file upload.pdb (PDB, C-alpha atoms and all ligand atoms)
ATOM      1  CA  MET A   1     126.776  21.032 163.115  1.00  0.00           C
ATOM      2  CA  SER A   2     130.322  20.148 162.160  1.00  0.00           C
ATOM      3  CA  ALA A   3     132.969  18.390 164.239  1.00  0.00           C
ATOM      4  CA  GLU A   4     136.080  20.301 165.169  1.00  0.00           C
ATOM      5  CA  ILE A   5     139.730  19.922 164.373  1.00  0.00           C
ATOM      6  CA  TYR A   6     142.554  22.214 165.426  1.00  0.00           C
ATOM      7  CA  LEU A   7     145.010  23.432 162.836  1.00  0.00           C
ATOM      8  CA  THR A   8     148.233  24.774 164.336  1.00  0.00           C
ATOM      9  CA  PHE A   9     150.928  26.793 162.563  1.00  0.00           C
ATOM     10  CA  ASP A  10     154.411  26.955 164.056  1.00  0.00           C
ATOM     11  CA  ASP A  11     157.584  29.027 163.576  1.00  0.00           C
ATOM     12  CA  GLY A  12     156.060  32.347 162.459  1.00  0.00           C
ATOM     13  CA  PRO A  13     155.088  35.062 162.157  1.00  0.00           C
ATOM     14  CA  ASP A  14     156.703  35.258 158.734  1.00  0.00           C
ATOM     15  CA  PRO A  15     156.070  38.296 156.498  1.00  0.00           C
ATOM     16  CA  SER A  16     156.130  36.182 153.327  1.00  0.00           C
ATOM     17  CA  TRP A  17     153.862  33.341 154.341  1.00  0.00           C
ATOM     18  CA  THR A  18     151.743  34.160 157.382  1.00  0.00           C
ATOM     19  CA  PRO A  19     149.566  36.761 155.589  1.00  0.00           C
ATOM     20  CA  GLN A  20     148.735  34.251 152.847  1.00  0.00           C
ATOM     21  CA  ILE A  21     147.797  31.609 155.390  1.00  0.00           C
ATOM     22  CA  LEU A  22     145.625  34.143 157.227  1.00  0.00           C
ATOM     23  CA  ASP A  23     143.846  34.908 153.937  1.00  0.00           C
ATOM     24  CA  VAL A  24     143.153  31.245 153.228  1.00  0.00           C
ATOM     25  CA  LEU A  25     141.773  30.720 156.737  1.00  0.00           C
ATOM     26  CA  ALA A  26     139.640  33.862 156.485  1.00  0.00           C
ATOM     27  CA  GLN A  27     138.168  32.778 153.156  1.00  0.00           C
ATOM     28  CA  ALA A  28     137.192  29.433 154.676  1.00  0.00           C
ATOM     29  CA  ARG A  29     135.958  31.158 157.850  1.00  0.00           C
ATOM     30  CA  MET A  30     138.085  28.897 159.969  1.00  0.00           C
ATOM     31  CA  HIS A  31     140.401  29.555 162.867  1.00  0.00           C
ATOM     32  CA  ALA A  32     143.691  28.089 164.009  1.00  0.00           C
ATOM     33  CA  THR A  33     146.391  28.428 166.636  1.00  0.00           C
ATOM     34  CA  PHE A  34     149.752  30.036 165.874  1.00  0.00           C
ATOM     35  CA  PHE A  35     152.756  28.913 167.918  1.00  0.00           C
ATOM     36  CA  ALA A  36     154.929  31.952 167.402  1.00  0.00           C
ATOM     37  CA  ILE A  37     158.647  32.430 167.949  1.00  0.00           C
ATOM     38  CA  GLY A  38     159.242  35.417 170.267  1.00  0.00           C
ATOM     39  CA  GLU A  39     161.949  37.099 168.207  1.00  0.00           C
ATOM     40  CA  CYS A  40     159.837  36.763 165.039  1.00  0.00           C
ATOM     41  CA  ALA A  41     156.899  38.396 166.838  1.00  0.00           C
ATOM     42  CA  GLN A  42     159.198  41.271 167.857  1.00  0.00           C
ATOM     43  CA  ARG A  43     160.299  41.723 164.239  1.00  0.00           C
ATOM     44  CA  GLU A  44     156.689  41.607 162.949  1.00  0.00           C
ATOM     45  CA  PRO A  45     154.510  43.096 165.701  1.00  0.00           C
ATOM     46  CA  ALA A  46     151.754  44.330 163.367  1.00  0.00           C
ATOM     47  CA  LEU A  47     151.496  40.936 161.701  1.00  0.00           C
ATOM     48  CA  MET A  48     151.452  39.235 165.107  1.00  0.00           C
ATOM     49  CA  ARG A  49     148.611  41.488 166.220  1.00  0.00           C
ATOM     50  CA  SER A  50     146.666  40.820 163.036  1.00  0.00           C
ATOM     51  CA  ILE A  51     146.799  37.083 163.805  1.00  0.00           C
ATOM     52  CA  ALA A  52     145.212  37.643 167.213  1.00  0.00           C
ATOM     53  CA  ALA A  53     142.774  40.259 165.867  1.00  0.00           C
ATOM     54  CA  ALA A  54     141.468  37.733 163.337  1.00  0.00           C
ATOM     55  CA  GLY A  55     140.394  35.485 166.200  1.00  0.00           C
ATOM     56  CA  HIS A  56     143.187  32.931 166.086  1.00  0.00           C
ATOM     57  CA  ALA A  57     144.748  31.614 169.283  1.00  0.00           C
ATOM     58  CA  VAL A  58     148.416  32.226 170.041  1.00  0.00           C
ATOM     59  CA  GLY A  59     150.933  29.957 171.707  1.00  0.00           C
ATOM     60  CA  ASN A  60     154.505  30.380 172.890  1.00  0.00           C
ATOM     61  CA  HIS A  61     157.076  28.532 170.756  1.00  0.00           C
ATOM     62  CA  THR A  62     160.059  29.922 172.740  1.00  0.00           C
ATOM     63  CA  TYR A  63     162.101  33.037 172.106  1.00  0.00           C
ATOM     64  CA  SER A  64     164.445  31.837 169.362  1.00  0.00           C
ATOM     65  CA  HIS A  65     163.620  28.174 168.683  1.00  0.00           C
ATOM     66  CA  ARG A  66     166.847  26.723 170.073  1.00  0.00           C
ATOM     67  CA  HIS A  67     166.830  22.939 170.286  1.00  0.00           C
ATOM     68  CA  PRO A  68     165.557  22.066 173.797  1.00  0.00           C
ATOM     69  CA  TRP A  69     168.296  19.511 174.438  1.00  0.00           C
ATOM     70  CA  LEU A  70     171.219  21.636 173.291  1.00  0.00           C
ATOM     71  CA  MET A  71     171.365  24.193 176.082  1.00  0.00           C
ATOM     72  CA  ARG A  72     171.704  24.405 179.830  1.00  0.00           C
ATOM     73  CA  SER A  73     168.510  24.315 181.863  1.00  0.00           C
ATOM     74  CA  ARG A  74     168.873  27.976 182.830  1.00  0.00           C
ATOM     75  CA  ALA A  75     168.934  28.972 179.154  1.00  0.00           C
ATOM     76  CA  ALA A  76     166.097  26.558 178.388  1.00  0.00           C
ATOM     77  CA  ARG A  77     163.867  28.154 181.035  1.00  0.00           C
ATOM     78  CA  ALA A  78     164.797  31.605 179.734  1.00  0.00           C
ATOM     79  CA  GLN A  79     163.734  30.571 176.219  1.00  0.00           C
ATOM     80  CA  VAL A  80     160.236  29.827 177.518  1.00  0.00           C
ATOM     81  CA  ARG A  81     160.021  32.954 179.685  1.00  0.00           C
ATOM     82  CA  ASP A  82     161.416  35.298 177.028  1.00  0.00           C
ATOM     83  CA  GLY A  83     159.162  33.826 174.351  1.00  0.00           C
ATOM     84  CA  ALA A  84     156.112  34.496 176.518  1.00  0.00           C
ATOM     85  CA  LYS A  85     157.336  37.993 177.375  1.00  0.00           C
ATOM     86  CA  ALA A  86     157.869  38.917 173.721  1.00  0.00           C
ATOM     87  CA  LEU A  87     154.337  37.767 172.849  1.00  0.00           C
ATOM     88  CA  SER A  88     152.785  39.527 175.849  1.00  0.00           C
ATOM     89  CA  GLU A  89     154.519  42.793 174.953  1.00  0.00           C
ATOM     90  CA  VAL A  90     153.308  42.652 171.371  1.00  0.00           C
ATOM     91  CA  LEU A  91     149.773  41.398 172.084  1.00  0.00           C
ATOM     92  CA  GLY A  92     149.075  42.882 175.481  1.00  0.00           C
ATOM     93  CA  ARG A  93     148.177  39.507 176.929  1.00  0.00           C
ATOM     94  CA  GLU A  94     149.847  36.256 177.899  1.00  0.00           C
ATOM     95  CA  PRO A  95     149.932  33.352 175.467  1.00  0.00           C
ATOM     96  CA  ALA A  96     147.659  30.536 176.623  1.00  0.00           C
ATOM     97  CA  PHE A  97     149.614  27.635 175.119  1.00  0.00           C
ATOM     98  CA  PHE A  98     153.149  26.342 174.823  1.00  0.00           C
ATOM     99  CA  ARG A  99     154.748  24.003 172.318  1.00  0.00           C
ATOM    100  CA  PRO A 100     158.447  23.168 172.548  1.00  0.00           C
ATOM    101  CA  PRO A 101     160.631  23.401 169.423  1.00  0.00           C
ATOM    102  CA  HIS A 102     160.942  20.068 167.595  1.00  0.00           C
ATOM    103  CA  GLY A 103     158.275  18.691 169.926  1.00  0.00           C
ATOM    104  CA  ARG A 104     160.965  17.939 172.538  1.00  0.00           C
ATOM    105  CA  ALA A 105     159.234  18.241 175.877  1.00  0.00           C
ATOM    106  CA  ARG A 106     162.157  18.940 178.200  1.00  0.00           C
ATOM    107  CA  PRO A 107     160.864  18.885 181.791  1.00  0.00           C
ATOM    108  CA  CYS A 108     162.420  22.196 182.897  1.00  0.00           C
ATOM    109  CA  MET A 109     160.773  23.932 179.920  1.00  0.00           C
ATOM    110  CA  THR A 110     157.348  22.409 180.381  1.00  0.00           C
ATOM    111  CA  ASP A 111     157.629  23.286 184.054  1.00  0.00           C
ATOM    112  CA  GLU A 112     158.444  26.897 183.178  1.00  0.00           C
ATOM    113  CA  ALA A 113     155.494  27.019 180.761  1.00  0.00           C
ATOM    114  CA  ARG A 114     153.182  25.683 183.465  1.00  0.00           C
ATOM    115  CA  LEU A 115     154.441  28.344 185.891  1.00  0.00           C
ATOM    116  CA  GLN A 116     153.512  30.953 183.259  1.00  0.00           C
ATOM    117  CA  GLY A 117     150.025  29.473 183.001  1.00  0.00           C
ATOM    118  CA  GLU A 118     150.547  28.044 179.532  1.00  0.00           C
ATOM    119  CA  ARG A 119     149.095  24.672 178.609  1.00  0.00           C
ATOM    120  CA  MET A 120     151.464  22.466 176.638  1.00  0.00           C
ATOM    121  CA  VAL A 121     149.998  21.279 173.353  1.00  0.00           C
ATOM    122  CA  MET A 122     151.637  18.778 171.024  1.00  0.00           C
ATOM    123  CA  TRP A 123     149.782  17.327 167.996  1.00  0.00           C
ATOM    124  CA  ASP A 124     147.993  14.223 166.749  1.00  0.00           C
ATOM    125  CA  ARG A 125     148.930  14.507 163.108  1.00  0.00           C
ATOM    126  CA  SER A 126     151.720  16.292 161.280  1.00  0.00           C
ATOM    127  CA  ALA A 127     151.528  17.656 157.747  1.00  0.00           C
ATOM    128  CA  ILE A 128     155.326  17.101 157.609  1.00  0.00           C
ATOM    129  CA  ASP A 129     155.541  20.285 155.580  1.00  0.00           C
ATOM    130  CA  TRP A 130     159.322  20.414 155.676  1.00  0.00           C
ATOM    131  CA  GLY A 131     162.395  18.831 154.127  1.00  0.00           C
ATOM    132  CA  TRP A 132     162.487  16.282 151.328  1.00  0.00           C
ATOM    133  CA  PHE A 133     159.031  14.876 151.979  1.00  0.00           C
ATOM    134  CA  GLY A 134     157.391  18.239 152.409  1.00  0.00           C
ATOM    135  CA  THR A 135     156.097  18.438 148.845  1.00  0.00           C
ATOM    136  CA  ALA A 136     152.561  19.569 148.042  1.00  0.00           C
ATOM    137  CA  PRO A 137     151.320  16.096 146.911  1.00  0.00           C
ATOM    138  CA  ARG A 138     152.690  14.377 150.005  1.00  0.00           C
ATOM    139  CA  ILE A 139     151.339  17.052 152.334  1.00  0.00           C
ATOM    140  CA  ALA A 140     147.920  16.626 150.690  1.00  0.00           C
ATOM    141  CA  GLU A 141     148.052  12.836 151.224  1.00  0.00           C
ATOM    142  CA  ARG A 142     148.780  13.260 154.905  1.00  0.00           C
ATOM    143  CA  LEU A 143     146.115  15.917 155.384  1.00  0.00           C
ATOM    144  CA  ALA A 144     143.510  13.688 153.750  1.00  0.00           C
ATOM    145  CA  ARG A 145     143.739  11.467 156.868  1.00  0.00           C
ATOM    146  CA  VAL A 146     142.766  14.191 159.333  1.00  0.00           C
ATOM    147  CA  GLN A 147     139.885  13.134 161.574  1.00  0.00           C
ATOM    148  CA  ALA A 148     137.545  14.861 164.011  1.00  0.00           C
ATOM    149  CA  GLY A 149     139.364  16.045 167.135  1.00  0.00           C
ATOM    150  CA  ASP A 150     142.850  16.022 165.578  1.00  0.00           C
ATOM    151  CA  ILE A 151     145.390  18.691 166.421  1.00  0.00           C
ATOM    152  CA  VAL A 152     147.333  19.156 163.187  1.00  0.00           C
ATOM    153  CA  LEU A 153     150.912  20.438 162.975  1.00  0.00           C
ATOM    154  CA  MET A 154     151.802  22.797 160.106  1.00  0.00           C
ATOM    155  CA  HIS A 155     154.228  25.693 159.661  1.00  0.00           C
ATOM    156  CA  ASP A 156     153.743  29.302 158.604  1.00  0.00           C
ATOM    157  CA  GLY A 157     157.402  30.248 159.114  1.00  0.00           C
ATOM    158  CA  ARG A 158     160.339  29.108 156.993  1.00  0.00           C
ATOM    159  CA  ASN A 159     162.752  28.606 159.909  1.00  0.00           C
ATOM    160  CA  GLN A 160     165.304  27.030 157.533  1.00  0.00           C
ATOM    161  CA  HIS A 161     163.708  23.856 156.266  1.00  0.00           C
ATOM    162  CA  ASN A 162     159.928  24.378 156.455  1.00  0.00           C
ATOM    163  CA  ARG A 163     158.047  24.650 153.175  1.00  0.00           C
ATOM    164  CA  PRO A 164     155.034  26.939 153.601  1.00  0.00           C
ATOM    165  CA  ASP A 165     155.107  27.487 149.821  1.00  0.00           C
ATOM    166  CA  GLN A 166     154.222  23.796 149.361  1.00  0.00           C
ATOM    167  CA  LEU A 167     151.644  23.852 152.146  1.00  0.00           C
ATOM    168  CA  LEU A 168     149.909  26.855 150.594  1.00  0.00           C
ATOM    169  CA  GLN A 169     149.451  24.978 147.333  1.00  0.00           C
ATOM    170  CA  VAL A 170     147.177  22.483 149.068  1.00  0.00           C
ATOM    171  CA  LEU A 171     145.703  24.380 152.009  1.00  0.00           C
ATOM    172  CA  PRO A 172     142.646  25.906 150.234  1.00  0.00           C
ATOM    173  CA  ASP A 173     141.574  22.520 148.816  1.00  0.00           C
ATOM    174  CA  PHE A 174     142.187  20.863 152.168  1.00  0.00           C
ATOM    175  CA  LEU A 175     139.885  23.340 153.909  1.00  0.00           C
ATOM    176  CA  ARG A 176     137.172  22.810 151.287  1.00  0.00           C
ATOM    177  CA  GLU A 177     137.525  19.052 151.763  1.00  0.00           C
ATOM    178  CA  LEU A 178     137.129  19.493 155.532  1.00  0.00           C
ATOM    179  CA  VAL A 179     133.802  21.233 154.996  1.00  0.00           C
ATOM    180  CA  ARG A 180     132.682  18.416 152.726  1.00  0.00           C
ATOM    181  CA  LYS A 181     133.518  15.937 155.499  1.00  0.00           C
ATOM    182  CA  GLY A 182     131.630  17.954 158.099  1.00  0.00           C
ATOM    183  CA  LEU A 183     134.793  19.174 159.823  1.00  0.00           C
ATOM    184  CA  ARG A 184     136.058  22.648 160.576  1.00  0.00           C
ATOM    185  CA  SER A 185     139.118  24.078 162.234  1.00  0.00           C
ATOM    186  CA  THR A 186     138.790  26.250 165.325  1.00  0.00           C
ATOM    187  CA  ALA A 187     141.299  27.885 167.631  1.00  0.00           C
ATOM    188  CA  LEU A 188     142.417  25.636 170.487  1.00  0.00           C
ATOM    189  CA  PRO A 189     140.095  26.079 173.433  1.00  0.00           C
ATOM    190  CA  LEU A 190     141.579  27.330 176.691  1.00  0.00           C
ATOM    191  CA  HIS A 191     140.566  24.128 178.371  1.00  0.00           C
ATOM    192  CA  ARG A 192     141.303  20.691 177.057  1.00  0.00           C
ATOM    193  CA  PRO A 193     138.474  19.486 174.824  1.00  0.00           C
ATOM    194  CA  ALA A 194     136.682  16.325 175.893  1.00  0.00           C
ATOM    195  CA  ALA A 195     138.096  13.349 173.985  1.00  0.00           C
TER     196      ALA A 195
HETATM  197 ZN    ZN A 201     159.072  24.883 165.554  1.00  0.00          ZN
END

call {"tool": "encode", "arguments": {"input": "upload.pdb", "output": "structure tokens", "more": "lines below"}}
Ligand SMILES: [Zn+2]
result
Amino acid sequence: MSAEIYLTFDDGPDPSWTPQILDVLAQARMHATFFAIGECAQREPALMRSIAAAGHAVGNHTYSHRHPWLMRSRAARAQVRDGAKALSEVLGREPAFFRPPHGRARPCMTDEARLQGERMVMWDRSAIDWGWFGTAPRIAERLARVQAGDIVLMHDGRNQHNRPDQLLQVLPDFLRELVRKGLRSTALPLHRPAA
């Protein structure tokens, strides 16, 4: 019996990187949660459906990933609503989770997500798989600290500065290491897990 962790992948679906991440997860027989951007899901509906069909959970990461603080509240609410609508149209069901871009929990957006029945989920540990420090060795160092119960932030979409190419270099070994430590990743449960 292994303890659970919750890998999460933001900013996809991305035709270059998401399929490779899905393959790595499938080989390890693990599941994750994908916080998808609505307009990316509309561009890649088949890929979006293959994520859900593989048993991964899906969350709303807004329609176009605008920075939560850099828009009027009306536009901010629309980002949440339109993100959910895009995912529902592609998947045929509502996303169960919400995560704001850049982890900025603006009250009007979290309120809108709650009205849509989405549970807001942040993270306990970030792979920091972006920018200058998002190199494979540094990502591996950070992932080595993952513990039972952690929600882990990663990215499957480029969205400018993310580095899924670097993440993919270390992801298979990381998943093997999890097994060795008696951990495995599952999709986020619909209800908050007991701490
Ligand atoms: Zn994001």

call {"tool": "resolve_selection", "arguments": {"input": "upload.pdb", "expression": "the PyMOL selection byres (((chain A and resi 75) around 12) and not hetatm)", "output": "PDB file with C-alpha atoms, in the frame of the given file"}}
result
ATOM      1  CA  THR A  62     160.059  29.922 172.740  1.00  0.00           C
ATOM      2  CA  TYR A  63     162.101  33.037 172.106  1.00  0.00           C
ATOM      3  CA  SER A  64     164.445  31.837 169.362  1.00  0.00           C
ATOM      4  CA  HIS A  65     163.620  28.174 168.683  1.00  0.00           C
ATOM      5  CA  ARG A  66     166.847  26.723 170.073  1.00  0.00           C
ATOM      6  CA  HIS A  67     166.830  22.939 170.286  1.00  0.00           C
ATOM      7  CA  PRO A  68     165.557  22.066 173.797  1.00  0.00           C
ATOM      8  CA  TRP A  69     168.296  19.511 174.438  1.00  0.00           C
ATOM      9  CA  LEU A  70     171.219  21.636 173.291  1.00  0.00           C
ATOM     10  CA  MET A  71     171.365  24.193 176.082  1.00  0.00           C
ATOM     11  CA  ARG A  72     171.704  24.405 179.830  1.00  0.00           C
ATOM     12  CA  SER A  73     168.510  24.315 181.863  1.00  0.00           C
ATOM     13  CA  ARG A  74     168.873  27.976 182.830  1.00  0.00           C
ATOM     14  CA  ALA A  76     166.097  26.558 178.388  1.00  0.00           C
ATOM     15  CA  ARG A  77     163.867  28.154 181.035  1.00  0.00           C
ATOM     16  CA  ALA A  78     164.797  31.605 179.734  1.00  0.00           C
ATOM     17  CA  GLN A  79     163.734  30.571 176.219  1.00  0.00           C
ATOM     18  CA  VAL A  80     160.236  29.827 177.518  1.00  0.00           C
ATOM     19  CA  ARG A  81     160.021  32.954 179.685  1.00  0.00           C
ATOM     20  CA  ASP A  82     161.416  35.298 177.028  1.00  0.00           C
ATOM     21  CA  GLY A  83     159.162  33.826 174.351  1.00  0.00           C
ATOM     22  CA  CYS A 108     162.420  22.196 182.897  1.00  0.00           C
ATOM     23  CA  MET A 109     160.773  23.932 179.920  1.00  0.00           C
ATOM     24  CA  GLU A 112     158.444  26.897 183.178  1.00  0.00           C
TER      25      GLU A 112
END

call {"tool": "resolve_selection", "arguments": {"input": "upload.pdb", "expression": "the PyMOL selection byres (((chain A and resi 103-105) around 10) and not hetatm)", "output": "JSON, numbers by chain"}}
result
{"A": [61, 67, 68, 69, 99, 100, 101, 102, 106, 107, 108, 109, 110, 111, 120, 121, 122, 123]}

call {"tool": "residues_around", "arguments": {"input": "upload.pdb", "residues": "Ser88 (chain A)", "least_positions_apart": "4", "cutoff": "12 Å", "atoms": "all atoms listed in the file", "output": "number ranges by chain"}}
result
A: 36, 38, 41-42, 45, 48-49, 52, 58-60, 63, 81-84, 92-96, 116

call {"tool": "closest_residue", "arguments": {"input": "upload.pdb", "among": "A:Gln160, A:Ser185, A:Ser16, A:Ser2", "to": "ligand ZN 201 (chain A)", "atoms": "all atoms listed in the file"}}
result
A:Gln160

call {"tool": "atom_distance", "arguments": {"input": "upload.pdb", "atom1": "CA of Met154 (chain A)", "atom2": "CA of Ala26 (chain A)"}}
result
16.8 Å

call {"tool": "resolve_selection", "arguments": {"input": "upload.pdb", "expression": "the PyMOL selection byres (((chain A and resi 3) around 10) and not hetatm)", "output": "count of residues only"}}
result
15

call {"tool": "axis_aligned_box", "arguments": {"input": "upload.pdb", "around": "region 177-180 of chain A", "padding_each_side": "4 Å", "output": "AutoDock Vina command-line options"}}
result
--center_x 135.1 --center_y 19.8 --center_z 153.6 --size_x 12.8 --size_y 10.8 --size_z 11.8

call {"tool": "closest_residue", "arguments": {"input": "upload.pdb", "among": "A:Ile51, A:Ala32, A:Leu91, A:Leu168", "to": "Leu188 (chain A)", "atoms": "all atoms listed in the file"}}
result
A:Ala32

call {"tool": "closest_residue", "arguments": {"input": "upload.pdb", "among": "A:Pro19, A:Gly117, A:Gly131, A:Gly157", "to": "ligand ZN 201 (chain A)", "atoms": "only C-alpha atoms and all ligand atoms"}}
result
A:Gly157

call {"tool": "atom_distance", "arguments": {"input": "upload.pdb", "atom1": "CA of Ala28 (chain A)", "atom2": "CA of Arg142 (chain A)"}}
result
19.9 Å
